[in-house]
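Student: Dropping in entry.txt, with compact mmCIF, C-alpha atoms.
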# COMPACT_ATOMS: atom_id res chain seq x y z
CA MET A 1 100.38 60.95 186.10
CA ILE A 2 96.96 59.42 186.86
CA LEU A 3 94.10 61.29 188.50
CA ILE A 4 90.70 59.99 189.63
CA TRP A 5 87.82 61.90 187.99
CA GLY A 6 84.56 60.62 189.46
CA ASN A 7 84.82 56.84 189.27
CA ASN A 8 87.08 56.91 186.20
CA PRO A 9 90.86 57.24 186.11
CA ILE A 10 92.08 60.00 183.79
CA THR A 11 95.59 61.11 182.96
CA LEU A 12 96.64 64.67 183.75
CA SER A 13 97.76 65.12 180.14
CA ARG A 14 94.29 64.23 178.85
CA LYS A 15 92.68 66.66 181.28
CA MET A 16 95.06 69.46 180.25
CA TYR A 17 94.42 68.70 176.57
CA SER A 18 90.67 68.97 177.14
CA LEU A 19 91.09 72.31 178.96
CA ARG A 20 93.33 73.65 176.20
CA SER A 21 90.77 72.61 173.59
CA ILE A 22 88.00 74.46 175.43
CA LEU A 23 90.13 77.60 175.77
CA GLN A 24 90.99 77.47 172.06
CA LYS A 25 87.31 77.33 171.16
CA ILE A 26 86.54 80.28 173.43
CA PHE A 27 89.34 82.31 171.89
CA ALA A 28 88.24 81.35 168.36
CA GLY A 29 84.74 82.62 169.16
CA TYR A 30 86.19 85.85 170.54
CA ALA A 31 88.37 86.30 167.42
CA LEU A 32 85.35 85.80 165.17
CA LEU A 33 83.40 88.43 167.10
CA VAL A 34 86.32 90.85 166.80
CA PHE A 35 86.56 90.20 163.05
CA LEU A 36 82.84 90.70 162.43
CA GLY A 37 82.38 93.49 164.97
CA PHE A 38 84.99 95.82 163.52
CA PHE A 39 83.85 95.05 159.98
CA LEU A 40 80.26 95.98 160.81
CA LEU A 41 81.52 99.14 162.51
CA LEU A 42 83.43 100.21 159.38
CA PHE A 43 80.99 98.86 156.81
CA PRO A 44 78.86 102.06 156.43
CA LEU A 45 81.98 104.04 155.50
CA MET A 46 83.19 101.26 153.18
CA PHE A 47 79.79 101.16 151.49
CA ILE A 48 79.89 104.90 150.82
CA CYS A 49 83.48 104.81 149.55
CA VAL A 50 82.92 102.06 146.98
CA GLN A 51 80.25 104.18 145.29
CA PHE A 52 82.88 106.70 144.16
CA ARG A 53 86.09 105.90 142.27
CA ALA A 54 87.78 108.97 143.79
CA MET A 55 87.34 107.46 147.26
CA ARG A 56 89.14 104.21 146.40
CA ARG A 57 92.20 105.04 148.48
CA ILE A 58 90.02 105.83 151.49
CA ASN A 59 88.51 102.37 151.22
CA HIS A 60 91.97 100.82 151.19
CA TRP A 61 92.79 102.82 154.29
CA LEU A 62 89.64 101.49 155.97
CA TYR A 63 90.63 97.91 155.12
CA ARG A 64 94.04 98.52 156.68
CA VAL A 65 92.44 99.97 159.80
CA TRP A 66 90.21 96.90 160.00
CA GLY A 67 93.22 94.59 159.63
CA HIS A 68 95.23 96.43 162.29
CA LEU A 69 92.31 96.37 164.74
CA VAL A 70 91.67 92.65 164.25
CA PHE A 71 95.36 91.78 164.61
CA PHE A 72 95.77 94.01 167.68
CA PHE A 73 92.74 92.69 169.56
CA THR A 74 93.59 89.06 168.78
CA GLY A 75 97.23 89.42 169.73
CA ILE A 76 98.64 88.83 166.24
CA TRP A 77 101.74 90.86 165.44
CA ALA A 78 102.11 91.76 161.76
CA GLY A 79 105.79 91.72 160.83
CA ARG A 80 107.31 92.53 157.47
CA ASP A 81 110.71 92.37 155.83
CA TRP A 82 111.26 94.43 152.70
CA ARG A 83 114.38 93.16 150.91
CA PHE A 84 114.23 96.13 148.52
CA LYS A 85 113.07 99.73 148.58
CA PRO A 86 109.87 100.21 146.51
CA GLN A 87 110.16 103.01 143.98
CA LYS A 88 107.61 105.76 144.37
CA GLY A 89 105.04 105.62 141.59
CA GLN A 90 106.20 102.19 140.41
CA VAL A 91 103.54 99.55 139.87
CA TYR A 92 104.44 95.98 140.82
CA VAL A 93 102.83 92.60 140.29
CA TYR A 94 102.93 90.98 143.74
CA CYS A 95 102.96 87.17 143.81
CA ALA A 96 102.53 85.52 147.22
CA ASN A 97 102.27 81.95 148.45
CA HIS A 98 98.88 81.13 149.95
CA THR A 99 98.50 79.26 153.25
CA SER A 100 95.63 80.87 155.17
CA TYR A 101 92.72 83.29 155.02
CA VAL A 102 94.90 85.58 157.15
CA ASP A 103 97.09 86.18 154.08
CA ILE A 104 94.85 88.92 152.67
CA PRO A 105 94.85 91.16 155.78
CA THR A 106 98.58 90.48 156.21
CA LEU A 107 99.29 91.92 152.77
CA TYR A 108 96.78 94.75 153.20
CA ILE A 109 98.54 95.87 156.37
CA ASN A 110 102.03 95.71 154.87
CA ILE A 111 101.54 97.21 151.38
CA GLU A 112 100.78 100.91 151.51
CA GLN A 113 100.36 101.63 147.80
CA ASP A 114 97.10 101.38 145.87
CA LEU A 115 96.42 97.71 145.21
CA THR A 116 93.88 95.19 143.99
CA PHE A 117 93.63 91.51 144.90
CA ILE A 118 92.95 88.87 142.29
CA GLY A 119 90.65 86.56 144.25
CA LYS A 120 88.19 83.74 143.77
CA SER A 121 84.65 84.65 142.77
CA SER A 122 83.13 82.95 145.84
CA LEU A 123 84.36 85.88 147.99
CA GLY A 124 81.84 88.08 146.22
CA LYS A 125 79.01 85.96 147.62
CA VAL A 126 79.85 86.66 151.27
CA PRO A 127 77.09 88.90 152.71
CA LEU A 128 78.10 92.59 153.01
CA PHE A 129 81.82 91.85 152.75
CA GLY A 130 81.40 90.44 149.24
CA TYR A 131 79.71 93.62 148.03
CA VAL A 132 82.50 96.02 149.01
CA TYR A 133 85.28 93.53 148.22
CA SER A 134 84.07 92.89 144.67
CA ARG A 135 83.81 96.62 143.97
CA ILE A 136 87.53 97.30 144.48
CA HIS A 137 89.11 93.92 143.76
CA ILE A 138 89.08 91.59 140.75
CA LEU A 139 87.31 88.27 141.20
CA VAL A 140 87.83 85.25 138.97
CA ASN A 141 85.93 82.05 138.34
CA ARG A 142 88.85 79.74 137.58
CA ARG A 143 86.54 77.19 135.97
CA SER A 144 85.56 79.70 133.29
CA ILE A 145 87.95 80.48 130.43
CA ASN A 146 86.05 83.71 129.69
CA SER A 147 86.33 84.80 133.33
CA ARG A 148 90.08 84.20 133.34
CA LYS A 149 90.51 86.21 130.13
CA GLU A 150 88.40 89.04 131.51
CA VAL A 151 90.47 89.12 134.69
CA ILE A 152 93.68 89.55 132.68
CA GLU A 153 92.21 92.51 130.81
CA ARG A 154 90.85 94.13 133.99
CA THR A 155 94.23 93.65 135.68
CA LYS A 156 95.99 95.35 132.76
CA LYS A 157 93.63 98.32 133.05
CA ALA A 158 94.32 98.50 136.79
CA ILE A 159 98.06 98.61 136.11
CA GLU A 160 97.53 101.42 133.59
CA LEU A 161 95.78 103.36 136.38
CA GLY A 162 98.76 102.87 138.70
CA ILE A 163 97.21 100.08 140.77
CA SER A 164 99.42 97.14 141.79
CA PRO A 165 97.74 93.72 141.49
CA ILE A 166 98.29 90.99 144.07
CA PHE A 167 98.12 87.38 142.89
CA PHE A 168 98.15 84.11 144.77
CA PRO A 169 99.51 82.21 141.74
CA GLU A 170 98.83 78.79 143.28
CA GLY A 171 95.15 79.64 142.75
CA THR A 172 94.12 78.04 146.04
CA ILE A 173 95.32 77.21 149.55
CA PRO A 174 97.11 73.88 149.02
CA LYS A 175 96.08 71.03 151.29
CA VAL A 176 99.42 69.25 151.56
CA GLY A 177 99.97 68.36 155.21
CA LYS A 178 100.78 70.18 158.43
CA ARG A 179 103.48 72.40 156.93
CA PRO A 180 102.99 74.50 153.80
CA GLU A 181 104.29 73.11 150.53
CA MET A 182 103.68 75.15 147.41
CA ILE A 183 102.01 73.71 144.35
CA GLU A 184 102.61 74.66 140.73
CA PHE A 185 101.93 78.30 139.84
CA LYS A 186 99.34 79.32 137.25
CA ASP A 187 100.31 81.59 134.35
CA GLY A 188 98.02 84.62 134.80
CA ALA A 189 100.24 86.80 136.99
CA PHE A 190 103.32 86.27 134.85
CA LYS A 191 101.55 86.76 131.55
CA THR A 192 100.18 90.07 132.87
CA ALA A 193 103.58 91.21 134.15
CA LEU A 194 105.31 90.39 130.88
CA GLU A 195 102.70 92.01 128.67
CA MET A 196 102.65 95.16 130.82
CA GLN A 197 106.45 95.11 131.40
CA VAL A 198 105.93 95.43 135.17
CA PRO A 199 108.36 94.00 137.78
CA ILE A 200 107.26 90.91 139.73
CA VAL A 201 107.68 90.98 143.51
CA PRO A 202 107.81 87.50 145.10
CA VAL A 203 106.25 87.53 148.58
CA ALA A 204 106.87 84.76 151.10
CA ILE A 205 104.15 84.65 153.77
CA LEU A 206 105.32 82.91 156.94
CA ASN A 207 103.45 81.50 159.97
CA ASN A 208 99.92 82.23 158.75
CA TYR A 209 99.29 78.52 158.28
CA LEU A 210 99.70 78.26 162.07
CA ILE A 211 97.56 81.31 162.91
CA LEU A 212 94.49 80.13 161.02
CA PRO A 213 94.87 76.72 159.35
CA ASP A 214 92.72 76.03 156.31
CA ASN A 215 90.67 73.15 157.69
CA GLU A 216 87.16 72.41 158.85
CA LYS A 217 87.87 73.81 162.32
CA PHE A 218 88.01 77.54 163.01
CA ASN A 219 91.08 77.29 165.24
CA ILE A 220 92.94 80.61 165.45
CA GLN A 221 96.22 80.87 167.36
CA ILE A 222 98.25 83.81 168.64
CA ARG A 223 101.35 83.81 166.47
CA PRO A 224 103.40 86.50 164.72
CA SER A 225 102.49 87.00 161.08
CA LYS A 226 105.27 87.91 158.67
CA ALA A 227 105.52 88.77 154.99
CA VAL A 228 108.91 88.87 153.26
CA PHE A 229 108.99 91.05 150.14
CA LEU A 230 111.82 89.75 147.99
CA PRO A 231 113.74 91.74 145.33
CA PRO A 232 111.73 92.32 142.12
CA ILE A 233 112.16 90.17 139.05
CA GLU A 234 112.46 92.51 136.07
CA THR A 235 110.38 91.91 132.95
CA LYS A 236 111.47 94.83 130.77
CA GLY A 237 112.54 93.63 127.36
CA LEU A 238 111.15 90.14 127.94
CA GLY A 239 108.40 88.55 125.87
CA LEU A 240 105.88 85.81 126.56
CA ASP A 241 108.51 83.24 125.60
CA SER A 242 110.05 84.02 129.01
CA LEU A 243 106.85 83.18 130.89
CA ASN A 244 108.03 79.83 132.25
CA LYS A 245 111.39 81.34 133.19
CA VAL A 246 110.02 84.20 135.31
CA LYS A 247 107.36 81.93 136.79
CA GLN A 248 110.04 79.48 137.94
CA GLN A 249 112.23 82.33 139.25
CA THR A 250 109.32 83.58 141.35
CA TYR A 251 108.46 80.11 142.60
CA ASN A 252 112.09 79.37 143.53
CA ALA A 253 112.52 82.68 145.38
CA ILE A 254 109.43 82.13 147.55
CA ALA A 255 110.17 78.43 148.09
CA ALA A 256 113.73 79.14 149.23
CA GLU A 257 112.56 81.75 151.77
CA LEU A 258 109.79 79.46 153.02
CA MET A 259 112.10 76.48 153.42
CA ALA A 260 114.71 78.59 155.22
CA HIS A 261 112.02 79.71 157.66
CA LEU A 262 110.65 76.21 158.21
CA HIS A 263 114.15 74.88 158.77
CA VAL A 264 114.55 77.00 161.91
CA GLN A 265 111.07 76.26 163.27
CA PRO A 266 110.85 73.84 166.22
What is this structure when it is put down as structure tokens?

Tutor:
Amino acid sequence: MILIWGNNPITLSRKMYSLRSILQKIFAGYALLVFLGFFLLLFPLMFICVQFRAMRRINHWLYRVWGHLVFFFTGIWAGRDWRFKPQKGQVYVYCANHTSYVDIPTLYINIEQDLTFIGKSSLGKVPLFGYVYSRIHILVNRRSINSRKEVIERTKKAIELGISPIFFPEGTIPKVGKRPEMIEFKDGAFKTALEMQVPIVPVAILNNYLILPDNEKFNIQIRPSKAVFLPPIETKGLGLDSLNKVKQQTYNAIAAELMAHLHVQP
């Protein structure tokens, strides 16, 4: 359909696309304000909590409150599917695919036990957020061998304290097209799980690549977020010679769930 706009003909589809683009930018700005606004509101309490080890759980609770508020006021519904019943007091090594910066709040909202993320060191440089984040999570500079070794040791100590680590074993958000395709996993999570004899929980994160794509544009969309927690892979009695085996098992479990989900997407 052709419309006349001023002295120039313009198709209705082009006009609608332009309007949709403007609305998306307005919503993205609103979402950013929601994200920053609630963080600044909670930051004084977070700052106090990170000063005391005994208040660690309170800080996790504050992060969850922040995540719930952001998701609620941006219209994102956080869904979860636990394919097993977590044992009380059991520490797990969670391994999730990585498709978006929404992945961290998605996991925070859905995992209620004490946890620590293994994240990239650049997060520690973010003003305010980086300070509190680096005090309760473990940051790694993947270009440094010493940093990677230190992270393994710190993660082991966290497990000894009853804290479950969360890894994104791809080590980055892969840039492989419009739909998520996993890349090869790194060894750190699986070496830690085997040495500490802790079960590995594969986690398939769905839809987040649509909610907030990892590209140059801050283009957030209202979509349901969902994390699928797959049955644990046991490591008891296994040595480091089984590293490649459990790594491939974890990869295959997440990949199968992801492909099954993508297969039913329009």

Student: With a cut-off of 9 Å, could you pull out the residues of region 21-107 of chain A touching region 166-181 of chain A and give me the nearest pair of atoms for each, distance in Å to one decimal, using all atoms listed in the file, ordered by chain and ascending number, as a tab-separated table?

Tutor:
residue	atom	partner	partner_atom	distance
A:Tyr92	CA	A:Ile166	CA	8.6
A:Val93	CA	A:Ile166	CA	6.1
A:Tyr94	CA	A:Ile166	CA	4.7
A:Cys95	CA	A:Phe167	CA	4.9
A:Ala96	CA	A:Phe168	CA	5.2
A:Asn97	CA	A:Phe168	CA	5.9
A:His98	CA	A:Ile173	CA	5.3
A:Thr99	CA	A:Ile173	CA	5.3
A:Ser100	CA	A:Ile173	CA	6.7
A:Tyr101	CA	A:Ile173	CA	8.6
A:Leu107	CA	A:Ile166	CA	8.8

Student: Could you give me, as JSON, numbers by chain, the residues within 12 Å of region 157-160 of chain A, counting only C-alpha atoms and dropping anything in the same chain fewer than 3 positions from it?

Tutor: {"A": [89, 90, 91, 92, 93, 94, 114, 115, 116, 117, 118, 136, 137, 138, 150, 151, 152, 153, 154, 163, 164, 165, 166, 192, 193, 195, 196, 197, 198, 199]}

Student: Have a look at A:Leu69, A:Val201, A:Leu258, A:Leu210 and name the one nearest to Ile233 (chain A); count all atoms listed in the file.

Tutor: A:Val201

Student: Given the choices A:Val228, A:Leu238, A:Leu41, A:Tyr63, which gets closest to Ala256 (chain A) if the distance is worked out from all atoms listed in the file?

Tutor: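 Nearest candidate to Ala256 (chain A) out of A:Val228, A:Leu238, A:Leu41, A:Tyr63: A:Val228.
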
Student: In Å, with one decimal, what is the gap from CA of Phe27 (chain A) to CA of Leu212 (chain A)?

Tutor: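 If I compute the distance from CA of Phe27 (chain A) to CA of Leu212 (chain A), I get 12.2 Å.
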
Student: Do you know which residues are at most 7 Å from Leu243 (chain A) counting all atoms listed in the file, after dropping those on the same chain fewer than 4 positions away, and could you put them as a VMD selection string?

Tutor: chain A and resid 190 to 191 247

Student: Up to 12 Å from (86.3, 99.0, 162.1) in the file's coordinates: name the residues, counting all atoms listed in the file, as a list of chain:residue names.

Tutor: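 Here the neighbourhood of the point contains A:Val34, A:Phe35, A:Leu36, A:Gly37, A:Phe38, A:Phe39, A:Leu40, A:Leu41, A:Leu42, A:Phe43, A:Pro44, A:Leu45, A:Met46, A:Asn59, A:Trp61, A:Leu62, A:Tyr63, A:Arg64, A:Val65, A:Trp66, A:Gly67, A:His68, A:Leu69, A:Val70, A:Phe71, A:Phe73.
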
Student: At what distance in Å, to one decimal, does CA of Val203 (chain A) lie from CA of Phe229 (chain A)?

Tutor: 4.7 Å

Student: When you count all atoms listed in the file, which of these residues is closest to Glu184 (chain A): A:Ala28, A:Ile104, A:Ala255, A:Leu123?

Tutor: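 Among the listed residues, the smallest separation from Glu184 (chain A) belongs to A:Ala255.
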
Student: Grab the CA of Ala31 (chain A) to CA of Arg56 (chain A) distance for me, in Å with one decimal place.

Tutor: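 Between these atoms lies a distance of 27.6 Å.
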
Student: Give the answer as one residue: which of A:Lys245, A:Arg223, A:Lys236, A:Lys186 has the shortest atom-to-atom distance to Thr74 (chain A), using only C-alpha atoms?

Tutor: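 The answer is A:Arg223, which sits nearest to Thr74 (chain A).
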
Student: Hey, which of A:Leu194, A:Val102, A:Met182, A:Ser121 ends up closest to Asp241 (chain A)? Count all atoms listed in the file.

Tutor: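 Of A:Leu194, A:Val102, A:Met182, A:Ser121, the one nearest Asp241 (chain A), counting all atoms listed in the file, is A:Leu194.
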
Student: Using only C-alpha atoms, can you tell me which of A:Ile220, A:Val50, A:Ile200, A:Ala260 comes closest to Gly130 (chain A)?

Tutor: A:Val50
